[in-house]
Amino acid sequence: MFSTRSKLAAAALVAVFVGGATALAAPASAAASVTPQAVCGSGYKTVNSAPIGSRGTVYLTYNSANGNNCVVTIRNTTGTAVDMSAHLYVPDTGRSDGDYGRYTSYAGPVRAYGKGHCVDWGGSIGGVSVQVTGSNCTLLEDHRVTVTR
């Protein structure tokens, strides 16, 4: 009987530790609840995206009602603040916007009017960055460059 109680107690202790670890790990995946639409706002739809290594994704969104593009960089998992960026440039008009800083889950939103224009956009997380040029042009294919420092 004593060994059965010991086994049950050990199993209960393991369950407490596993449950505690799971509870503590939950905030690390909180970035999964951040979406480009939540950051950019109502009316924005994702039109393009690019992975930033295994660290996250940079998203290009567009709002057809006002002609604005919005870019946001979202980490796969939250954690200690790291250098992050989101940037957007419309070469035809010279309009640009950027957000550079240390963040725990996302950088941006950055916006620029881009209806009928090609756009350059990108972002970074830690030492990995991606740059997309000539994007979302009707007849042209975009060019992507990923850099790891």
# chains A, B, ... in the order shown; residues from 1 in each chain; ligands from 1
$ residues_around --residues "Asn69 (chain A)" --least-positions-apart "6" --cutoff "10 Å" --atoms "only C-alpha atoms" --output "ChimeraX atom specification"
/A:40,44-47,60-63,88-90,109-115,119,121
$ select_by_dssp --residues "region 16-145 of chain A" --states "strand (DSSP E)" --output "ChimeraX atom specification"
/A:45-52,56-63,68-75,82-90,95-103,106-113,119-125,128-135,143-145
$ closest_residue --among "A:Gly116, A:Gly56, A:Gly122, A:Gly127" --to "Cys70 (chain A)" --atoms "only C-alpha atoms"
A:Gly122
